[in-house]
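Only one structure is covered here, and it is reproduced in the block below.
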Amino acid sequence: MTTTQGWTEQHVQVAGTSLQLFRGGEGTPLLVFHGPEGNPGWTPYYEALAQHYLVLAPSHPGFNGSQRPAWLESIGHLAHFYHWFLDEQHLEHVHVLGFSMGGWLAAEMALMCAHRFAKLVLVDAAGIKPREGEILDIFLHSSEQLAQLACDDPRSIPQYEEWFGGTAAPELAQQNREMAVRLCWKPYMYNPALPALLPRLRLPTLIVWGREDRIVPVNCGELYQQAMPGSVLKVIEGCGHMPHLERPQEFLQTVREFLGP
Amino acid sequence: MFLMRFTERAYVHYTEEDVKESFRSAVRLTFSNAHFDPRLGADLYHQYLDEYEYAEEVGFDGLMLNEHHNTPTCMGAAMNLEAAILARTTQRAKIVLLGNPLPIFDNPVRLAEELAEIDMISRGRLVSGFVRGTGVETWASNINPVSNRERFEEAHDLILKTWTTPGPFRWEGKHYQFRVVNPFEVPLQKPHPPVWIPGTGSPETLVWCAERHYPYIYLETDVEATQDMKGIYAETAREHGYEPGPQNFGYLLRINVQDTDEKAREVARGYLVGNVGVGRIPLPVDYMSPPGYNSRDARFRKLGERIRRDPLRGGGVDTAAYEAILQANRIIAGSPETVIKKLRDVLSVVRPGILGVWTNDGSISHEDTMRSLTLMGQEVLPALREIGQELEMTDPFQKAP
């Protein structure tokens, strides 16, 4: 097992704009896409993954420290942007792991150009309209309400207060929310064409979901699995929208086993 | 001075508890329309229209309407319909729409047609105001808040072109695309109906208005803050080669007149019961300003810092006690003599060319409203015209803005 060399925060140029990128570890590149709340920075689960892979965790354009090119207004545009990023970084055959909105992004990227990916991991991913239940309107709910709805049991997460309780960086939170609004407003958090397009993908795919996800219903995970022949759906019981925080051991073990060395 | 009469046409048949128990305790957007009884609504529409027609009778120059959605605080979700009715049932007063919330329309050409019909049926009495709409309008129409300002400006440009350029023409814009713009219905007024813009002082809007010589109507804003905002408008005006005057702006004020001061003070309490929702519960910030609705442009943020905070309002509601609001002349209530005196005090400082007389709202009764209108017609309006002449408060019909 290689120990991580530590991690860095960089800014790289893509499409004429500056992209904030957290980077650490060695091995097969693993592109990690955050969700609509923004980039949490170098987290314990990035660190754990960096033991085995070269983790690349960018802040999406418009989020955190990344600039937004004026033309970038949708998840589709964002997928093109990141292909551009992979081009400029000369990265081929990478793994990609996306949380929530980041999972939707990963699926769109895979559809555009599957051959540059080795494996795909979708975690409580947006992108497909559920047949049972609805994707929660995170923009209409208050941050207090979301803090309660985001996990099955908020008290089970040690960093809960730190990450969800405070208004530590209200300006940044507002900026991130605004960018998520720009990308996901309507149709809200899904692409109607996705279920029809996904069946042509032949990319090893793991879909991880918390059974009690109150943001993106587990039915969406089932629909992803049904749309992707050969994909594996792993549902974690007693877990909400954030298995990487709520069940870190189980989450990491599942992902590690799937991605391999 | 142009005197126009206003009310939001509120519906007040629900309780503070109803609001508190609702999603995010908000009276707008998510407060269930199960609380609305259309039988009462039907009566109210007729009552409000009766009041507007009477307002013309007693001498108002204009009848001002507004539009809001998903709220009991204003029943004008389709303001243009009320305008069309008044276009037929009134003869003389201007019909002042402040204003159509442009971003919520996916078809500005249709809006141009509607307004042209109103202008023709009224025989050229339309004043066509436009607004961005509050955040609530954006949520209700599901227009992306980040596009709000762009849609406002593009829809405005498209409507003005539709009114002034013979069709057919094409429009390939960022937010609107039309192959054949060619409505037969064009406004009577040439080059087009006047455009006035109401608001509470967004610097970006102030600058945009000044660039176009559009009068800006300050909606019941703090007097000192209003001077700050007028300064921003004036700076831009001067950059565009003109000096703005009273004809470039209006001021809306809650004014209720009764036979005695005591009666008026009692009646005017009703403004606070229902206009911003029964119970005066401040709205969640996200409701009025969803993410992306406000500008991040550093230039406008800087201008915004010049505008004093309103000490008596927050979250879309009056936050101060009734006495404080009266003291500050943010509601003017009294006998005709008292009201004339207080108005003279306010107007000599503010000096607008257009005065919006917000005669009633909330739970103020129809009977008290009609009495107020009668007394206004008899005593207050004539006095205001004298004050207007004395203080040279020219309006945009007397002098081009």
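Just remember, in the structure tokens the first chain shown is A, the second B, etc., residues are 1-based per chain, and ligands are 1-based in the order shown.
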Checklist entry - For chain A against chain B, which residues fall within 10 Å using only C-alpha atoms, given as a PyMOL selection string? => result chain A and resi 73+139-142+145+174-187
Item to check | Polymer residues at most 12 Å from range 37-41 of chain B, only C-alpha atoms, same-chain spacing of 6 or more positions, as JSON, numbers by chain | outcome: {"B": [9, 10, 11, 12, 13, 14, 47, 48, 72, 74, 75, 76]}
Write out as an mmCIF file with N, CA and C atoms, in the first residue's frame the residues lying within 8 Å of range 262-279 of chain B, counting only C-alpha atoms and excluding same-chain residues fewer than 3 positions away.
data_model
loop_
_atom_site.group_PDB
_atom_site.id
_atom_site.type_symbol
_atom_site.label_atom_id
_atom_site.label_comp_id
_atom_site.auth_asym_id
_atom_site.auth_seq_id
_atom_site.Cartn_x
_atom_site.Cartn_y
_atom_site.Cartn_z
ATOM 1 N N GLU B 8 -53.223 47.131 -3.203
ATOM 2 C CA GLU B 8 -52.733 45.840 -3.674
ATOM 3 C C GLU B 8 -53.872 44.845 -3.899
ATOM 4 N N ALA B 10 -55.843 43.184 -1.465
ATOM 5 C CA ALA B 10 -55.498 42.072 -0.581
ATOM 6 C C ALA B 10 -56.697 41.194 -0.254
ATOM 7 N N TYR B 11 -56.383 39.960 0.123
ATOM 8 C CA TYR B 11 -57.357 38.991 0.628
ATOM 9 C C TYR B 11 -56.905 38.658 2.046
ATOM 10 N N VAL B 12 -57.785 38.871 3.013
ATOM 11 C CA VAL B 12 -57.315 38.741 4.397
ATOM 12 C C VAL B 12 -58.047 37.668 5.196
ATOM 13 N N TYR B 14 -57.807 34.724 6.484
ATOM 14 C CA TYR B 14 -57.007 33.634 7.033
ATOM 15 C C TYR B 14 -56.356 34.196 8.296
ATOM 16 N N THR B 15 -55.690 33.346 9.056
ATOM 17 C CA THR B 15 -55.165 33.826 10.343
ATOM 18 C C THR B 15 -53.644 33.746 10.403
ATOM 19 N N GLU B 16 -53.113 34.414 11.391
ATOM 20 C CA GLU B 16 -51.673 34.374 11.641
ATOM 21 C C GLU B 16 -51.244 32.934 11.923
ATOM 22 N N VAL B 19 -50.654 30.975 8.838
ATOM 23 C CA VAL B 19 -49.359 31.263 8.214
ATOM 24 C C VAL B 19 -48.242 30.577 8.982
ATOM 25 N N VAL B 27 -46.245 33.595 4.135
ATOM 26 C CA VAL B 27 -47.570 33.926 3.617
ATOM 27 C C VAL B 27 -47.597 33.913 2.088
ATOM 28 N N PRO B 72 -51.887 35.797 -0.893
ATOM 29 C CA PRO B 72 -53.140 36.483 -0.597
ATOM 30 C C PRO B 72 -52.960 37.995 -0.480
ATOM 31 N N THR B 73 -51.723 38.461 -0.462
ATOM 32 C CA THR B 73 -51.496 39.894 -0.217
ATOM 33 C C THR B 73 -51.859 40.754 -1.420
ATOM 34 N N CYS B 74 -52.019 40.129 -2.580
ATOM 35 C CA CYS B 74 -52.392 40.879 -3.783
ATOM 36 C C CYS B 74 -53.169 39.936 -4.691
ATOM 37 N N ASN B 256 -54.430 57.634 4.307
ATOM 38 C CA ASN B 256 -55.842 57.382 4.582
ATOM 39 C C ASN B 256 -56.461 58.581 5.296
ATOM 40 N N VAL B 257 -57.572 59.013 4.763
ATOM 41 C CA VAL B 257 -58.234 60.221 5.288
ATOM 42 C C VAL B 257 -59.599 59.843 5.849
ATOM 43 N N GLN B 258 -59.863 60.267 7.052
ATOM 44 C CA GLN B 258 -61.190 60.060 7.633
ATOM 45 C C GLN B 258 -61.667 61.383 8.223
ATOM 46 N N ASP B 259 -62.866 61.373 8.758
ATOM 47 C CA ASP B 259 -63.432 62.632 9.256
ATOM 48 C C ASP B 259 -62.648 63.204 10.427
ATOM 49 N N GLY B 316 -39.456 42.172 3.822
ATOM 50 C CA GLY B 316 -40.669 42.506 3.079
ATOM 51 C C GLY B 316 -41.813 43.006 3.933
ATOM 52 N N VAL B 317 -41.585 43.233 5.219
ATOM 53 C CA VAL B 317 -42.677 43.708 6.073
ATOM 54 C C VAL B 317 -42.235 44.925 6.874
ATOM 55 N N ASP B 318 -43.237 45.706 7.307
ATOM 56 C CA ASP B 318 -42.941 46.756 8.282
ATOM 57 C C ASP B 318 -42.556 46.051 9.576
ATOM 58 N N TYR B 322 -46.681 50.365 15.010
ATOM 59 C CA TYR B 322 -47.574 51.258 14.266
ATOM 60 C C TYR B 322 -47.277 52.725 14.559
ATOM 61 N N ILE B 331 -46.927 55.939 7.040
ATOM 62 C CA ILE B 331 -48.377 55.900 6.831
ATOM 63 C C ILE B 331 -48.874 57.268 7.272
ATOM 64 N N ALA B 333 -52.105 59.247 8.204
ATOM 65 C CA ALA B 333 -53.501 59.021 8.558
ATOM 66 C C ALA B 333 -54.020 60.204 9.344
ATOM 67 N N GLY B 334 -55.162 60.718 8.943
ATOM 68 C CA GLY B 334 -55.717 61.841 9.695
ATOM 69 C C GLY B 334 -56.928 62.438 9.010
ATOM 70 N N SER B 335 -57.389 63.518 9.583
ATOM 71 C CA SER B 335 -58.448 64.298 8.954
ATOM 72 C C SER B 335 -57.849 64.970 7.715
ATOM 73 N N ASN B 360 -55.704 52.388 0.621
ATOM 74 C CA ASN B 360 -56.195 51.357 1.537
ATOM 75 C C ASN B 360 -55.479 50.058 1.247
ATOM 76 N N ASP B 361 -55.517 49.167 2.209
ATOM 77 C CA ASP B 361 -54.990 47.816 1.993
ATOM 78 C C ASP B 361 -55.338 46.957 3.185
ATOM 79 N N GLY B 362 -54.974 45.712 3.095
ATOM 80 C CA GLY B 362 -55.191 44.799 4.209
ATOM 81 C C GLY B 362 -56.645 44.747 4.612
ATOM 82 N N SER B 363 -56.885 44.984 5.882
ATOM 83 C CA SER B 363 -58.235 44.797 6.407
ATOM 84 C C SER B 363 -59.053 46.085 6.436
ATOM 85 N N ILE B 364 -58.547 47.138 5.834
ATOM 86 C CA ILE B 364 -59.333 48.381 5.789
ATOM 87 C C ILE B 364 -60.615 48.099 4.995
ATOM 88 N N ASP B 368 -64.838 52.278 4.755
ATOM 89 C CA ASP B 368 -63.845 53.282 5.166
ATOM 90 C C ASP B 368 -63.040 53.767 3.975
#
Item to check | Residues near Arg131 in chain A, cut-off 12 Å, only C-alpha atoms, skip fewer than 6 positions along chain, as a VMD selection string | outcome: chain A and resid 195 216 to 224
Item to check | For Leu312 in chain B: contacts at 9 Å, only C-alpha atoms, fewer than 2 positions along chain excluded, given as number ranges by chain | outcome: B: 222, 309-310, 314, 317-321, 324-325, 328, 330
Next, dump the selected residues to file, keeping only C-alpha atoms, as a PDB file, in the first residue's frame.
ATOM      1  CA  ASP B 222     -37.506  55.584   3.548  1.00  0.00           C
ATOM      2  CA  ARG B 309     -30.902  50.748   5.182  1.00  0.00           C
ATOM      3  CA  ASP B 310     -34.615  51.227   5.849  1.00  0.00           C
ATOM      4  CA  GLY B 314     -37.204  43.969   6.879  1.00  0.00           C
ATOM      5  CA  VAL B 317     -42.677  43.708   6.073  1.00  0.00           C
ATOM      6  CA  ASP B 318     -42.941  46.756   8.282  1.00  0.00           C
ATOM      7  CA  THR B 319     -40.982  45.758  11.321  1.00  0.00           C
ATOM      8  CA  ALA B 320     -41.644  48.761  13.479  1.00  0.00           C
ATOM      9  CA  ALA B 321     -44.603  49.430  15.708  1.00  0.00           C
ATOM     10  CA  ALA B 324     -43.277  54.581  14.827  1.00  0.00           C
ATOM     11  CA  ILE B 325     -44.553  54.102  11.306  1.00  0.00           C
ATOM     12  CA  ALA B 328     -42.048  58.635  10.371  1.00  0.00           C
ATOM     13  CA  ARG B 330     -44.643  56.122   6.324  1.00  0.00           C
TER      14      ARG B 330
END
Next on the checklist: Neighbouring residues of Glu88 in chain A were defined as those with any atom within 12 Å, considering only C-alpha atoms; residues of the same chain fewer than 3 positions away were excluded. Please report them as an MDAnalysis selection string.
Outcome noted: chainID A and resid 12:16 19 81:85 91:92
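The coordinates place CA of Ala34 in chain B at 29.1 Å from CA of Asn148 in chain B.
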Checklist entry - With only C-alpha atoms as the atoms that count, which of A:Thr28, A:Gln67, A:Ser59, A:Thr205 lies nearest to Gly41 in chain A? => result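 Going through A:Thr28, A:Gln67, A:Ser59, A:Thr205 one by one, the smallest distance to Gly41 in chain A is for A:Ser59.
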Item to check | Point-to-point distance from CA of Thr369 in chain B to CA of Arg5 in chain B, Å rounded to tenths | outcome: 11.6 Å
Checklist entry - Which is closest to Asp87 in chain A among A:Glu108, A:Arg155, A:Arg116, A:Leu203, if we use only C-alpha atoms? => result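 Of A:Glu108, A:Arg155, A:Arg116, A:Leu203, the one nearest Asp87 in chain A, counting only C-alpha atoms, is A:Arg116.
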Next on the checklist: Would you compute the distance between CA of Tyr216 in chain B and CA of Asp228 in chain B? Give it in Å to one decimal.
Outcome noted: 13.4 Å
Next on the checklist: What parts of range 175-357 of chain B does DSSP call helix (DSSP H, G or I)? I'd like the answer as a PyMOL selection string.
Outcome noted: chain B and resi 203-211+223-239+246-248+261-272+285-288+298-304+322-327+336-350
Item to check | All strand (DSSP E or B) residues (DSSP, backbone) inside range 78-210 of chain B, as number ranges by chain | outcome: B: 94-101, 126-131, 169-172, 177-181, 197-199
